[in-house]
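Listing of data30.pdb, PDB, C-alpha atoms
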```pdb
ATOM      1  CA  MET A   1      53.386  66.930  16.246
ATOM      2  CA  SER A   2      50.140  67.486  18.174
ATOM      3  CA  SER A   3      48.289  64.555  19.708
ATOM      4  CA  GLY A   4      45.427  65.125  17.255
ATOM      5  CA  LYS A   5      47.717  64.806  14.233
ATOM      6  CA  LYS A   6      49.360  61.720  15.758
ATOM      7  CA  ASN A   7      45.965  60.088  16.155
ATOM      8  CA  ILE A   8      45.080  60.857  12.539
ATOM      9  CA  CYS A   9      48.368  59.302  11.366
ATOM     10  CA  ILE A  10      47.735  56.177  13.428
ATOM     11  CA  VAL A  11      44.232  55.832  11.987
ATOM     12  CA  LEU A  12      45.578  56.228   8.434
ATOM     13  CA  LEU A  13      48.305  53.636   8.994
ATOM     14  CA  VAL A  14      45.821  51.134  10.435
ATOM     15  CA  SER A  15      43.445  51.761   7.514
ATOM     16  CA  VAL A  16      46.203  51.130   4.970
ATOM     17  CA  ALA A  17      47.232  47.947   6.774
ATOM     18  CA  LEU A  18      43.647  46.654   6.864
ATOM     19  CA  LEU A  19      43.163  47.485   3.189
ATOM     20  CA  ALA A  20      46.347  45.629   2.244
ATOM     21  CA  LYS A  21      45.212  42.631   4.253
ATOM     22  CA  ALA A  22      41.789  42.657   2.582
ATOM     23  CA  GLN A  23      43.338  42.832  -0.874
ATOM     24  CA  ASN A  24      45.229  39.612  -0.181
ATOM     25  CA  GLY A  25      42.210  37.724   1.165
ATOM     26  CA  PRO A  26      39.882  35.114  -0.390
ATOM     27  CA  LYS A  27      37.378  37.703  -1.660
ATOM     28  CA  SER A  28      40.045  39.509  -3.656
ATOM     29  CA  LEU A  29      41.261  36.191  -5.060
ATOM     30  CA  GLU A  30      37.770  35.357  -6.265
ATOM     31  CA  TYR A  31      37.502  38.785  -7.924
ATOM     32  CA  TRP A  32      40.971  38.334  -9.417
ATOM     33  CA  LEU A  33      40.032  34.916 -10.817
ATOM     34  CA  ARG A  34      36.683  36.006 -12.175
ATOM     35  CA  SER A  35      38.219  39.015 -13.904
ATOM     36  CA  ARG A  36      40.548  36.720 -15.859
ATOM     37  CA  THR A  37      38.388  33.699 -16.750
ATOM     38  CA  SER A  38      34.929  32.637 -17.874
ATOM     39  CA  VAL A  39      34.253  30.895 -14.545
ATOM     40  CA  SER A  40      31.769  33.525 -13.395
ATOM     41  CA  LYS A  41      29.581  33.001 -16.478
ATOM     42  CA  GLN A  42      28.706  29.544 -15.164
ATOM     43  CA  GLY A  43      28.247  30.702 -11.570
ATOM     44  CA  LEU A  44      31.054  28.438 -10.367
ATOM     45  CA  LYS A  45      32.801  29.111  -7.085
ATOM     46  CA  ILE A  46      36.189  28.031  -5.758
ATOM     47  CA  PHE A  47      36.051  26.004  -2.561
ATOM     48  CA  ASN A  48      36.909  28.167   0.423
ATOM     49  CA  GLY A  49      39.852  26.062   1.590
ATOM     50  CA  ILE A  50      42.035  27.009  -1.387
ATOM     51  CA  ASP A  51      45.710  27.931  -0.914
ATOM     52  CA  THR A  52      45.365  31.425  -2.372
ATOM     53  CA  THR A  53      49.066  32.269  -2.389
ATOM     54  CA  THR A  54      50.106  29.161  -4.307
ATOM     55  CA  PHE A  55      47.222  29.465  -6.740
ATOM     56  CA  LYS A  56      48.068  33.045  -7.676
ATOM     57  CA  LYS A  57      51.750  32.134  -8.094
ATOM     58  CA  GLN A  58      50.994  29.121 -10.296
ATOM     59  CA  TYR A  59      48.435  30.969 -12.408
ATOM     60  CA  GLU A  60      50.728  33.900 -13.066
ATOM     61  CA  ALA A  61      53.587  31.534 -13.991
ATOM     62  CA  ASN A  62      51.502  29.778 -16.654
ATOM     63  CA  PRO A  63      48.357  31.781 -17.515
ATOM     64  CA  LYS A  64      47.779  30.300 -20.988
ATOM     65  CA  THR A  65      47.536  26.770 -19.598
ATOM     66  CA  TRP A  66      45.265  27.834 -16.756
ATOM     67  CA  ASP A  67      42.988  29.737 -19.132
ATOM     68  CA  LYS A  68      42.651  26.638 -21.322
ATOM     69  CA  ALA A  69      41.823  24.568 -18.257
ATOM     70  CA  PHE A  70      39.123  27.053 -17.230
ATOM     71  CA  VAL A  71      37.664  27.041 -20.751
ATOM     72  CA  PHE A  72      37.386  23.238 -20.531
ATOM     73  CA  LEU A  73      35.849  23.487 -17.049
ATOM     74  CA  THR A  74      33.195  25.998 -18.091
ATOM     75  CA  ASP A  75      32.046  24.268 -21.297
ATOM     76  CA  THR A  76      28.985  22.838 -19.540
ATOM     77  CA  ALA A  77      27.299  21.535 -22.690
ATOM     78  CA  LYS A  78      30.421  19.540 -23.543
ATOM     79  CA  LEU A  79      30.894  18.252 -19.996
ATOM     80  CA  LYS A  80      27.337  16.909 -19.842
ATOM     81  CA  THR A  81      27.732  14.859 -23.026
ATOM     82  CA  ILE A  82      31.439  13.994 -23.164
ATOM     83  CA  ALA A  83      32.278  10.306 -22.711
ATOM     84  CA  PRO A  84      34.535   9.003 -19.933
ATOM     85  CA  GLY A  85      38.202   9.077 -20.891
ATOM     86  CA  GLN A  86      41.289  11.266 -21.072
ATOM     87  CA  TYR A  87      41.375  14.476 -23.113
ATOM     88  CA  ALA A  88      44.101  16.924 -24.132
ATOM     89  CA  VAL A  89      43.873  20.431 -22.689
ATOM     90  CA  ASP A  90      47.329  21.921 -23.306
ATOM     91  CA  GLY A  91      49.859  19.308 -24.399
ATOM     92  CA  ASP A  92      51.975  18.035 -21.505
ATOM     93  CA  ASN A  93      50.978  21.058 -19.419
ATOM     94  CA  ALA A  94      47.410  19.961 -18.753
ATOM     95  CA  TYR A  95      45.047  17.093 -19.506
ATOM     96  CA  ALA A  96      41.534  16.171 -18.404
ATOM     97  CA  LYS A  97      39.999  12.947 -17.114
ATOM     98  CA  ILE A  98      36.253  12.305 -17.214
ATOM     99  CA  SER A  99      34.870   9.472 -15.079
ATOM    100  CA  ILE A 100      31.454   8.062 -14.204
ATOM    101  CA  GLY A 101      30.997   5.916 -11.109
ATOM    102  CA  PRO A 102      29.543   5.611  -7.625
ATOM    103  CA  SER A 103      30.653   7.627  -4.643
ATOM    104  CA  LYS A 104      32.276   5.459  -1.962
ATOM    105  CA  PRO A 105      32.104   4.843   1.788
ATOM    106  CA  SER A 106      34.644   6.962   3.651
ATOM    107  CA  GLN A 107      36.715   3.944   4.749
ATOM    108  CA  ASP A 108      37.282   2.957   1.108
ATOM    109  CA  VAL A 109      38.900   6.263   0.101
ATOM    110  CA  LYS A 110      42.620   6.949   0.560
ATOM    111  CA  TRP A 111      44.286  10.260   1.296
ATOM    112  CA  GLU A 112      46.481  11.415  -1.592
ATOM    113  CA  SER A 113      48.691  14.325  -2.579
ATOM    114  CA  HIS A 114      50.597  15.073  -5.788
ATOM    115  CA  ILE A 115      53.828  16.810  -6.738
ATOM    116  CA  LYS A 116      54.034  16.801 -10.544
ATOM    117  CA  TYR A 117      50.478  17.897 -11.238
ATOM    118  CA  ILE A 118      47.932  20.160  -9.548
ATOM    119  CA  ASP A 119      44.428  18.704  -9.276
ATOM    120  CA  LEU A 120      41.417  20.667 -10.467
ATOM    121  CA  GLN A 121      38.375  18.602  -9.452
ATOM    122  CA  TYR A 122      34.769  19.248 -10.421
ATOM    123  CA  VAL A 123      31.587  17.172 -10.001
ATOM    124  CA  ILE A 124      29.628  17.536 -13.255
ATOM    125  CA  SER A 125      26.563  15.711 -11.934
ATOM    126  CA  GLY A 126      25.798  14.141  -8.570
ATOM    127  CA  ALA A 127      27.516  15.048  -5.313
ATOM    128  CA  GLU A 128      30.288  13.826  -3.035
ATOM    129  CA  GLN A 129      32.275  14.870  -0.021
ATOM    130  CA  ILE A 130      35.972  15.672  -0.237
ATOM    131  CA  GLU A 131      38.093  15.635   2.899
ATOM    132  CA  VAL A 132      41.017  18.078   2.808
ATOM    133  CA  ALA A 133      44.054  18.620   5.059
ATOM    134  CA  ASN A 134      47.566  19.998   4.870
ATOM    135  CA  ILE A 135      50.032  17.118   4.609
ATOM    136  CA  SER A 136      51.799  18.418   7.733
ATOM    137  CA  ALA A 137      48.710  17.494   9.769
ATOM    138  CA  LEU A 138      48.664  13.876   8.540
ATOM    139  CA  THR A 139      50.802  10.745   8.942
ATOM    140  CA  LEU A 140      52.571   9.483   5.826
ATOM    141  CA  THR A 141      51.633   5.848   5.099
ATOM    142  CA  GLU A 142      52.992   5.452   1.547
ATOM    143  CA  ALA A 143      55.933   7.496   0.304
ATOM    144  CA  TYR A 144      55.618   9.537  -2.877
ATOM    145  CA  SER A 145      55.753   7.463  -6.065
ATOM    146  CA  VAL A 146      56.961   9.141  -9.257
ATOM    147  CA  SER A 147      55.056   6.627 -11.402
ATOM    148  CA  THR A 148      51.685   7.437  -9.825
ATOM    149  CA  ASP A 149      52.495  11.021  -8.789
ATOM    150  CA  ALA A 150      50.977  10.292  -5.397
ATOM    151  CA  ALA A 151      51.748   9.885  -1.713
ATOM    152  CA  HIS A 152      49.240   8.503   0.812
ATOM    153  CA  TYR A 153      48.438   9.355   4.432
ATOM    154  CA  SER A 154      46.251   8.695   7.447
ATOM    155  CA  GLY A 155      44.513  11.230   9.650
ATOM    156  CA  THR A 156      41.538  13.566   9.619
ATOM    157  CA  GLY A 157      40.780  16.841   7.891
ATOM    158  CA  GLU A 158      37.878  19.095   6.976
ATOM    159  CA  MET A 159      34.946  17.844   4.894
ATOM    160  CA  TYR A 160      33.613  19.856   1.944
ATOM    161  CA  LEU A 161      30.553  19.231  -0.218
ATOM    162  CA  ALA A 162      31.438  18.870  -3.891
ATOM    163  CA  ASP A 163      28.584  19.465  -6.335
ATOM    164  CA  PRO A 164      28.144  21.236  -9.707
ATOM    165  CA  ALA A 165      28.293  24.680  -8.066
ATOM    166  CA  VAL A 166      31.904  24.502  -6.867
ATOM    167  CA  PHE A 167      35.325  23.389  -8.088
ATOM    168  CA  PHE A 168      38.406  22.416  -6.093
ATOM    169  CA  LEU A 169      42.123  23.043  -6.566
ATOM    170  CA  PHE A 170      44.694  20.919  -4.725
ATOM    171  CA  PHE A 171      48.385  21.774  -4.637
ATOM    172  CA  SER A 172      51.339  19.699  -3.402
ATOM    173  CA  THR A 173      50.669  20.312   0.301
ATOM    174  CA  ASP A 174      46.902  19.727  -0.055
ATOM    175  CA  ALA A 175      46.103  16.110   0.795
ATOM    176  CA  HIS A 176      42.589  15.142  -0.243
ATOM    177  CA  ARG A 177      40.137  12.236  -0.100
ATOM    178  CA  PRO A 178      37.618  12.702  -2.938
ATOM    179  CA  GLY A 179      34.565  10.666  -3.894
ATOM    180  CA  ILE A 180      33.140  10.093  -0.409
ATOM    181  CA  GLN A 181      29.420   9.373  -0.113
ATOM    182  CA  VAL A 182      27.153  12.149   1.143
ATOM    183  CA  ASN A 183      24.008  10.169   2.068
ATOM    184  CA  GLY A 184      24.669   6.794   0.519
ATOM    185  CA  PRO A 185      26.174   6.023  -2.889
ATOM    186  CA  VAL A 186      25.196   7.981  -5.995
ATOM    187  CA  ILE A 187      26.407   7.676  -9.576
ATOM    188  CA  GLU A 188      28.308  10.821 -10.375
ATOM    189  CA  LYS A 189      30.099  12.220 -13.375
ATOM    190  CA  LYS A 190      33.349  13.941 -12.544
ATOM    191  CA  LEU A 191      36.084  16.009 -14.177
ATOM    192  CA  VAL A 192      39.690  16.080 -13.004
ATOM    193  CA  ILE A 193      42.111  18.371 -14.834
ATOM    194  CA  LYS A 194      45.791  17.741 -14.152
ATOM    195  CA  ILE A 195      47.815  20.948 -14.452
ATOM    196  CA  ALA A 196      51.613  20.804 -14.387
ATOM    197  CA  TYR A 197      53.411  22.566 -11.549
ATOM    198  CA  VAL A 198      55.736  25.396 -12.505
ATOM    199  CA  GLN A 199      58.765  25.115 -10.228
TER
END
```
How would this structure read if it were set down as structure tokens?
Amino acid sequence: MSSGKKNICIVLLVSVALLAKAQNGPKSLEYWLRSRTSVSKQGLKIFNGIDTTTFKKQYEANPKTWDKAFVFLTDTAKLKTIAPGQYAVDGDNAYAKISIGPSKPSQDVKWESHIKYIDLQYVISGAEQIEVANISALTLTEAYSVSTDAAHYSGTGEMYLADPAVFFLFFSTDAHRPGIQVNGPVIEKKLVIKIAYVQ
């Protein structure tokens, strides 16, 4: 093979590799999500710290439940008027919690992670900060409790702004500290949808 043909082959191989990498990145995930749900109609975005691999796996293992959760999330008229409380989404597979309350000082918010349920969190009105870290980067302070579906930690992570333009998904390795004040306390209305893990 001539050197010119070898160079062309190398360029083609690199191009294919780069394309494959791009198709597995965050932009392709957002396209993949938007092509399957009504999320884009409301202009909602997924926070950019999402575990894309786990999300795709969990969605594809239980698409009907996820679609019902996204329908609940994107019913903005209902979310603005619905009273605080717990609501059915898909039997034991998913349920929603609506709460109204003040955001809190950082020192008053614990790290948490869950095993039984995935957290979908969305601020309907108001704003807060959510600190996020992989559990491997934190120190366990309270072992996982089956009754509360939570473990607790200490440490530091990355802060994200949570407002009505973005929703968050937290899987079992995603520790999070939600409800932290941005610039002092505000009364916010918030949705948390608990979605069962598919093992």
Inset, instruction - Rounded to one decimal place, report the atom CA of Pro178 of chain A-atom CA of Thr52 of chain A distance in Å. - result: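 Taking atom CA of Pro178 of chain A and atom CA of Thr52 of chain A, their separation equals 20.3 Å.
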Inset, instruction - Find, counting all atoms listed in the file, the residue in A:Thr156, A:Gln199, A:Thr54, A:Asn183 that gets nearest to Pro105 of chain A. - result: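 Smallest separation from Pro105 of chain A among the options: A:Asn183.
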Inset, instruction - Name all residues at most 7 Å from Val186 of chain A (count only C-alpha atoms; drop same-chain ones fewer than 6 positions away) and give them as a VMD selection string. - result: chain A and resid 102 to 103 126
Inset, instruction - May I have the residues within 10 Å of Gly157 of chain A as number ranges by chain, using only C-alpha atoms and disregarding those fewer than 4 positions away in the same chain? - result: A: 111, 130-135, 137-138, 175-177
Would you export the selected residues with C-alpha atoms as a CSV table (one decimal), keeping the file's coordinate frame, please?
```
chain,number,residue,atom,x,y,z
A,111,TRP,CA,44.3,10.3,1.3
A,130,ILE,CA,36.0,15.7,-0.2
A,131,GLU,CA,38.1,15.6,2.9
A,132,VAL,CA,41.0,18.1,2.8
A,133,ALA,CA,44.1,18.6,5.1
A,134,ASN,CA,47.6,20.0,4.9
A,135,ILE,CA,50.0,17.1,4.6
A,137,ALA,CA,48.7,17.5,9.8
A,138,LEU,CA,48.7,13.9,8.5
A,175,ALA,CA,46.1,16.1,0.8
A,176,HIS,CA,42.6,15.1,-0.2
A,177,ARG,CA,40.1,12.2,-0.1
```
Legend entry - Best match for closeness to Gly101 of chain A among A:Ile195, A:Gly43, A:Leu169, A:Pro185, counting all atoms listed in the file: A:Pro185
Inset, instruction - Decode the PyMOL selection byres ((chain A and resi 141-150) around 9) for the given file into explicit residues and return them as a VMD selection string. - result: chain A and resid 112 to 117 139 to 140 151 to 154
Inset, instruction - Output the residue selection produced by the PyMOL selection byres ((chain A and resi 51) around 12) on the file above, formatted as a PyMOL selection string. - result: chain A and resi 24-26+29+46-50+52-58+118+132-134+168-175
Legend entry - Between atom CA of Ala165 of chain A and atom CA of Lys97 of chain A - distance in Å to one decimal: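 Straight-line distance from atom CA of Lys97 of chain A to atom CA of Ala165 of chain A works out to 18.9 Å.
For the residues A:Val182, A:Phe167, A:Ala94, A:Gln129, ranking by smallest atom-to-atom distance to Pro63 of chain A using all atoms listed in the file places A:Ala94 first.
Each of A:Met159, A:Leu73, A:Tyr122, A:Lys68 was checked against Val89 of chain A using only C-alpha atoms; the smallest atom-to-atom distance is that of A:Lys68.
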Inset, instruction - Carefully work through the PyMOL selection byres ((chain A and resi 96) around 12) for this structure and note down the residues it includes, as a ChimeraX atom specification. - result: /A:68-73,79,82-95,97-99,117-122,190-196
Inset, instruction - Could you jot down the atom CA of Leu161 of chain A to atom CA of Lys80 of chain A separation for me, Å, one decimal place? - result: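 Interatomic distance, atom CA of Leu161 of chain A to atom CA of Lys80 of chain A: 20.0 Å.
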Inset, instruction - Please provide as a list in words all residues within 7 Å of Ala127 of chain A, with the sequence filter that same-chain residues fewer than 4 positions apart are discarded (counting all atoms listed in the file). - result: Val123, Ala162, Asp163 and Glu188 of chain A
Selection to disk with C-alpha atoms, as a PDB file, in the coordinates of the input:
```pdb
ATOM      1  CA  VAL A 123      31.587  17.172 -10.001  1.00  0.00           C
ATOM      2  CA  ALA A 162      31.438  18.870  -3.891  1.00  0.00           C
ATOM      3  CA  ASP A 163      28.584  19.465  -6.335  1.00  0.00           C
ATOM      4  CA  GLU A 188      28.308  10.821 -10.375  1.00  0.00           C
TER       5      GLU A 188
END
```
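Between Ala77 of chain A and the candidates A:Val109, A:Gly155, A:Thr65, A:Ile124, the tightest atom-to-atom separation, counting only C-alpha atoms, involves A:Ile124.
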